[in-house]
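First up is the structure itself, then whatever we jot down about it.
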Amino acid sequence: MEPVHPEFVPDPSLSQTEMEALQRNIAEAARFDDDLGFSPDTMARAGDTPDDDQTTLTGGDRTTAPPLVAGVDQAFVDDRAVSAIVVLRNGEVIERVSAVKRTEIPYIPGLLSFREGGAILAAFAELETDPDVVLVDGSGRIHFREAGLATHIGVTLDVPAVGVAKSLLCGTPAQSLEETYPEGTRIPIAADDSVETCPNGTVIGHAVQTRQYDSPNRYINPLIVSPGHRVSASTAADLVEGTADGYKLPEPTRLADSYADEAKAASSDPSE
DNA sequence: GCGACAG
DNA sequence: ATCTTGTCGC
């Protein structure tokens, strides 16, 4: 798939001020409410009975096929970024692609999309499938200008997108994230003074505990989930919870992560 | 000036 | 993100 908004394609040669200006425009074009082509509750998972998705004469419309969910993740080799995309439906891999691109700028908090965005869009250009929603590694609305990596990619491609991060970039959690929470716990993240584009108190995402150990002194940190584009904060959390399958990371993200490592190894293999 | 900051 | 062994727990 190709960019619907070429003017938003991340350009690493821009000045920092120009990058920030572009992010403000992207945040204005972003929709942080649900505009999905499917019902978030049609998320069947691996192991589910296939005929669960057939029509019920008297029930609601259950003819809708489970959505195509894509996971995107990157790996790095020297000055190159390897982006991998894995598309799943019903827990089954439908397609996977990867692309390699040189990184033009270093990692700068708040400007991640200008470092990784090029490789990601190159990978999407290779993708034949049109995913219903994309899970991007990093923040979406939880960003200083509400334009994190997931928002940048989602708006540029005009595809529903969700940000899945392992740590909090900004914003204030309703409860401390230092505690150990049981699976299923969802803690709202509110905008604070560090988020300069929206009122303080706005819920810009959630900490989501997709996995937790049963026993004593070992614990797992929650994921930080936020809307990227065309998804609300609560639906973003629903989608991540609905695609997680026994691991902390949702399946599409987990598979993209390992595929990126494979592609990275292959790209730096002399015998190839 | 200092702190804080996804991957 | 990346560099890596051991260690805990089911």
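Residues are named by chain letter and number: chains run A, B, ... in the order of the structure tokens, numbers start at 1 in each chain, and ligands are numbered from 1 in the order shown.
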
Margin query: Select, as number ranges by chain, those residues of chain C with any atom no more than 9 Å from chain A (distances computed using only C-alpha atoms (C1' of nucleotides)).
Written below: C: 1-2, 8-9

Deliver the residues from the most recent selection as a file, using C-alpha atoms (C1' of nucleotides), as a PDB file, in the first residue's frame.
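Written output follows (selection-v7.pdb):
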ATOM      1  C1'  DA C   1      17.224  -0.287  19.322  1.00  0.00           C
ATOM      2  C1'  DT C   2      21.732  -3.240  20.468  1.00  0.00           C
ATOM      3  C1'  DC C   8      13.472 -18.387  37.415  1.00  0.00           C
ATOM      4  C1'  DG C   9       9.164 -20.885  36.750  1.00  0.00           C
TER       5       DG C   9
END

Next item on the list: From stretch 43-203 of chain A, collect each residue whose DSSP state is strand (DSSP E) and return the set as a VMD selection string.
Entry: chain A and resid 68 to 77 80 to 89 92 to 102 133 to 137 161 to 165 172 to 173 186 to 190 203

Notebook entry, point to check: Any idea what's packed within 8 Å of stretch 230-238 of chain A, counting only C-alpha atoms (C1' of nucleotides), ignoring anything in its chain fewer than 4 positions away? Could you give it as a list in words?
Noted result: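 After dropping sequence-adjacent residues, the list is Ala30, Arg31, Phe32, Asp33, Asp34, Asp35, Leu36, Pro40, Val159, Pro160, Ala161, Val162, Val203, Ile204, Gly205, His206, Val208, Val225, Ser226 and Gly242 of chain A.
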
Quick one: write out the picked residues with all heavy atoms as a short mmCIF file (atom, residue, chain, number, x, y, z; two decimals), in the first residue's frame?
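Everything below was put into out-v3.cif:
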data_model
loop_
_atom_site.label_atom_id
_atom_site.label_comp_id
_atom_site.auth_asym_id
_atom_site.auth_seq_id
_atom_site.Cartn_x
_atom_site.Cartn_y
_atom_site.Cartn_z
N ALA A 30 -5.25 13.68 12.25
CA ALA A 30 -5.51 12.40 12.92
C ALA A 30 -6.90 12.36 13.54
O ALA A 30 -7.43 13.38 14.01
CB ALA A 30 -4.45 12.18 14.00
N ARG A 31 -7.50 11.20 13.51
CA ARG A 31 -8.80 10.97 14.14
C ARG A 31 -8.58 10.03 15.31
O ARG A 31 -8.15 8.89 15.12
CB ARG A 31 -9.79 10.33 13.14
CG ARG A 31 -10.06 11.17 11.90
CD ARG A 31 -10.56 12.56 12.24
NE ARG A 31 -11.51 12.52 13.35
CZ ARG A 31 -11.95 13.58 14.00
NH1 ARG A 31 -11.51 14.78 13.66
NH2 ARG A 31 -12.80 13.45 14.97
N PHE A 32 -8.88 10.51 16.52
CA PHE A 32 -8.70 9.66 17.69
C PHE A 32 -10.04 9.09 18.17
O PHE A 32 -10.31 9.02 19.36
CB PHE A 32 -8.01 10.45 18.80
CG PHE A 32 -6.63 10.93 18.41
CD1 PHE A 32 -6.28 12.26 18.55
CD2 PHE A 32 -5.68 10.04 17.91
CE1 PHE A 32 -5.01 12.72 18.20
CE2 PHE A 32 -4.40 10.48 17.55
CZ PHE A 32 -4.06 11.82 17.69
N ASP A 33 -10.90 8.76 17.20
CA ASP A 33 -12.13 8.06 17.55
C ASP A 33 -12.31 6.93 16.54
O ASP A 33 -11.65 6.89 15.50
CB ASP A 33 -13.33 9.01 17.57
CG ASP A 33 -13.23 10.06 16.49
OD1 ASP A 33 -12.91 9.70 15.34
OD2 ASP A 33 -13.46 11.25 16.79
N ASP A 34 -13.21 6.00 16.85
CA ASP A 34 -13.35 4.80 16.03
C ASP A 34 -13.89 5.04 14.63
O ASP A 34 -14.95 5.62 14.44
CB ASP A 34 -14.24 3.78 16.75
CG ASP A 34 -13.57 3.26 18.01
OD1 ASP A 34 -12.32 3.14 18.01
OD2 ASP A 34 -14.28 2.96 18.99
N ASP A 35 -13.13 4.58 13.65
CA ASP A 35 -13.54 4.62 12.26
C ASP A 35 -12.92 3.40 11.59
O ASP A 35 -12.09 3.50 10.71
CB ASP A 35 -13.04 5.91 11.59
CG ASP A 35 -13.48 6.00 10.14
OD1 ASP A 35 -14.43 5.29 9.76
OD2 ASP A 35 -12.86 6.79 9.39
N LEU A 36 -13.35 2.24 12.09
CA LEU A 36 -12.80 0.98 11.62
C LEU A 36 -13.77 0.33 10.64
O LEU A 36 -14.97 0.58 10.68
CB LEU A 36 -12.59 0.03 12.80
CG LEU A 36 -11.68 0.54 13.93
CD1 LEU A 36 -11.89 -0.31 15.17
CD2 LEU A 36 -10.24 0.48 13.48
N PRO A 40 -14.81 -4.22 16.56
CA PRO A 40 -13.67 -4.62 17.40
C PRO A 40 -13.91 -5.95 18.13
O PRO A 40 -12.96 -6.56 18.61
CB PRO A 40 -13.56 -3.47 18.40
CG PRO A 40 -14.14 -2.31 17.67
CD PRO A 40 -15.28 -2.89 16.90
N VAL A 159 -4.80 4.61 7.39
CA VAL A 159 -5.23 3.28 7.82
C VAL A 159 -5.37 3.34 9.35
O VAL A 159 -4.61 4.05 10.02
CB VAL A 159 -4.18 2.21 7.40
CG1 VAL A 159 -2.85 2.44 8.10
CG2 VAL A 159 -4.70 0.80 7.69
N PRO A 160 -6.37 2.65 9.90
CA PRO A 160 -6.49 2.61 11.36
C PRO A 160 -5.19 2.10 11.97
O PRO A 160 -4.63 1.11 11.50
CB PRO A 160 -7.64 1.63 11.59
CG PRO A 160 -8.50 1.82 10.37
CD PRO A 160 -7.50 1.96 9.25
N ALA A 161 -4.68 2.80 12.97
CA ALA A 161 -3.40 2.40 13.56
C ALA A 161 -3.41 2.54 15.07
O ALA A 161 -4.10 3.40 15.64
CB ALA A 161 -2.27 3.25 12.96
N VAL A 162 -2.62 1.68 15.72
CA VAL A 162 -2.52 1.66 17.17
C VAL A 162 -1.05 1.69 17.55
O VAL A 162 -0.23 1.02 16.92
CB VAL A 162 -3.16 0.36 17.74
CG1 VAL A 162 -2.91 0.24 19.24
CG2 VAL A 162 -4.65 0.34 17.44
N VAL A 203 -7.62 11.80 28.07
CA VAL A 203 -7.07 10.44 28.09
C VAL A 203 -6.45 10.14 26.73
O VAL A 203 -7.16 10.05 25.72
CB VAL A 203 -8.15 9.38 28.43
CG1 VAL A 203 -7.58 7.97 28.32
CG2 VAL A 203 -8.68 9.62 29.83
N ILE A 204 -5.14 10.03 26.69
CA ILE A 204 -4.44 9.83 25.42
C ILE A 204 -3.97 8.39 25.21
O ILE A 204 -3.33 8.08 24.20
CB ILE A 204 -3.23 10.79 25.32
CG1 ILE A 204 -2.34 10.64 26.56
CG2 ILE A 204 -3.71 12.23 25.17
CD1 ILE A 204 -1.10 11.54 26.51
N GLY A 205 -4.29 7.52 26.15
CA GLY A 205 -3.90 6.11 25.99
C GLY A 205 -4.05 5.36 27.30
O GLY A 205 -4.60 5.91 28.27
N HIS A 206 -3.57 4.13 27.33
CA HIS A 206 -3.66 3.31 28.55
C HIS A 206 -2.41 2.46 28.74
O HIS A 206 -1.74 2.11 27.77
CB HIS A 206 -4.84 2.34 28.47
CG HIS A 206 -6.18 2.97 28.48
ND1 HIS A 206 -6.79 3.41 27.33
CD2 HIS A 206 -7.05 3.24 29.48
CE1 HIS A 206 -7.98 3.92 27.63
NE2 HIS A 206 -8.16 3.84 28.92
N VAL A 208 -1.65 -1.17 29.59
CA VAL A 208 -2.45 -2.39 29.50
C VAL A 208 -1.64 -3.61 29.92
O VAL A 208 -0.61 -3.92 29.34
CB VAL A 208 -2.95 -2.61 28.04
CG1 VAL A 208 -3.79 -3.88 27.96
CG2 VAL A 208 -3.76 -1.41 27.57
N VAL A 225 -0.36 1.55 25.45
CA VAL A 225 -1.14 1.52 24.22
C VAL A 225 -1.85 2.85 23.96
O VAL A 225 -2.48 3.41 24.87
CB VAL A 225 -2.21 0.39 24.31
CG1 VAL A 225 -3.02 0.31 23.03
CG2 VAL A 225 -1.53 -0.95 24.60
N SER A 226 -1.74 3.36 22.75
CA SER A 226 -2.42 4.61 22.44
C SER A 226 -2.95 4.63 21.01
O SER A 226 -2.48 3.89 20.15
CB SER A 226 -1.48 5.80 22.67
OG SER A 226 -0.33 5.74 21.84
N GLY A 242 -7.14 -8.13 22.51
CA GLY A 242 -7.76 -9.17 21.68
C GLY A 242 -6.80 -9.94 20.80
O GLY A 242 -7.12 -11.03 20.32
#

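Across stretch 141-194 of chain A, DSSP run on the backbone finds alpha helix (DSSP H) at Leu149, Ala150, Thr151, His152, Ile153, Gly154, Val155, Thr156 and Leu157 of chain A.
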
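With distances restricted to only C-alpha atoms (C1' of nucleotides), A:Gly148 is the closest residue to chain B from A:Pro6, A:Pro250, A:Gly148, A:Pro227.
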
Per residue of chain A within 10 Å of chain B, record the nearest atom pair and its distance in Å to one decimal, counting only C-alpha atoms (C1' of nucleotides), with rows in chain order and ascending residue number, as a tab-separated table.
residue	atom	partner	partner_atom	distance
A:Asp73	CA	B:DG7	C1'	9.7
A:Gln74	CA	B:DG7	C1'	8.5
A:Ala75	CA	B:DG7	C1'	9.4
A:Tyr107	CA	B:DG7	C1'	7.2
A:Ile108	CA	B:DC5	C1'	8.6
A:Pro109	CA	B:DC5	C1'	5.4
A:Gly110	CA	B:DC5	C1'	7.4
A:Leu111	CA	B:DA6	C1'	9.2
A:Leu112	CA	B:DG7	C1'	6.9
A:Ser113	CA	B:DG7	C1'	9.5
A:Arg115	CA	B:DG7	C1'	9.3
A:Glu116	CA	B:DG7	C1'	8.5
A:Asp137	CA	B:DG7	C1'	8.1
A:Gly138	CA	B:DA6	C1'	4.8
A:Ser139	CA	B:DA6	C1'	5.6
A:Gly140	CA	B:DA6	C1'	9.1
A:Ile142	CA	B:DA6	C1'	9.0
A:His143	CA	B:DA6	C1'	8.4
A:Phe144	CA	B:DC5	C1'	9.6
A:Gly148	CA	B:DA6	C1'	7.9
A:Leu149	CA	B:DA6	C1'	8.2
A:Gly163	CA	B:DA6	C1'	9.5
A:Val164	CA	B:DA6	C1'	9.2
A:Ala165	CA	B:DA6	C1'	6.3
A:Lys166	CA	B:DA6	C1'	7.9
A:Ser167	CA	B:DA6	C1'	6.9
A:Leu168	CA	B:DA6	C1'	7.1
A:Leu169	CA	B:DA6	C1'	5.6
A:Cys170	CA	B:DC5	C1'	7.3
A:Ser194	CA	B:DA4	C1'	9.8
A:Ile224	CA	B:DA6	C1'	9.6

Notebook entry, point to check: Mind pulling up the distance from atom CA of A:Tyr181 to atom CA of A:Asp214?
Noted result: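 Computed distance, atom CA of A:Asp214 to atom CA of A:Tyr181, equals 10.7 Å.
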
Notebook entry, point to check: Could you pull the residues within 9 Å of A:His5, counting only C-alpha atoms (C1' of nucleotides), minus those fewer than 2 positions along the same chain, as a list in words?
Noted result: Glu2, Pro3, Glu7, Phe8, Val9, Val155, Thr156, Leu157 and Asp158 of chain A

Next item on the list: One decimal, Å: what's the distance from atom CA of A:Val69 over to atom CA of A:Glu128, could you say?
Entry: 13.5 Å

Next item on the list: For atom CA of A:Phe38 and atom CA of A:Leu239, quote the distance in Å rounded to one decimal.
Entry: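 Distance reported for this atom pair: 11.5 Å.
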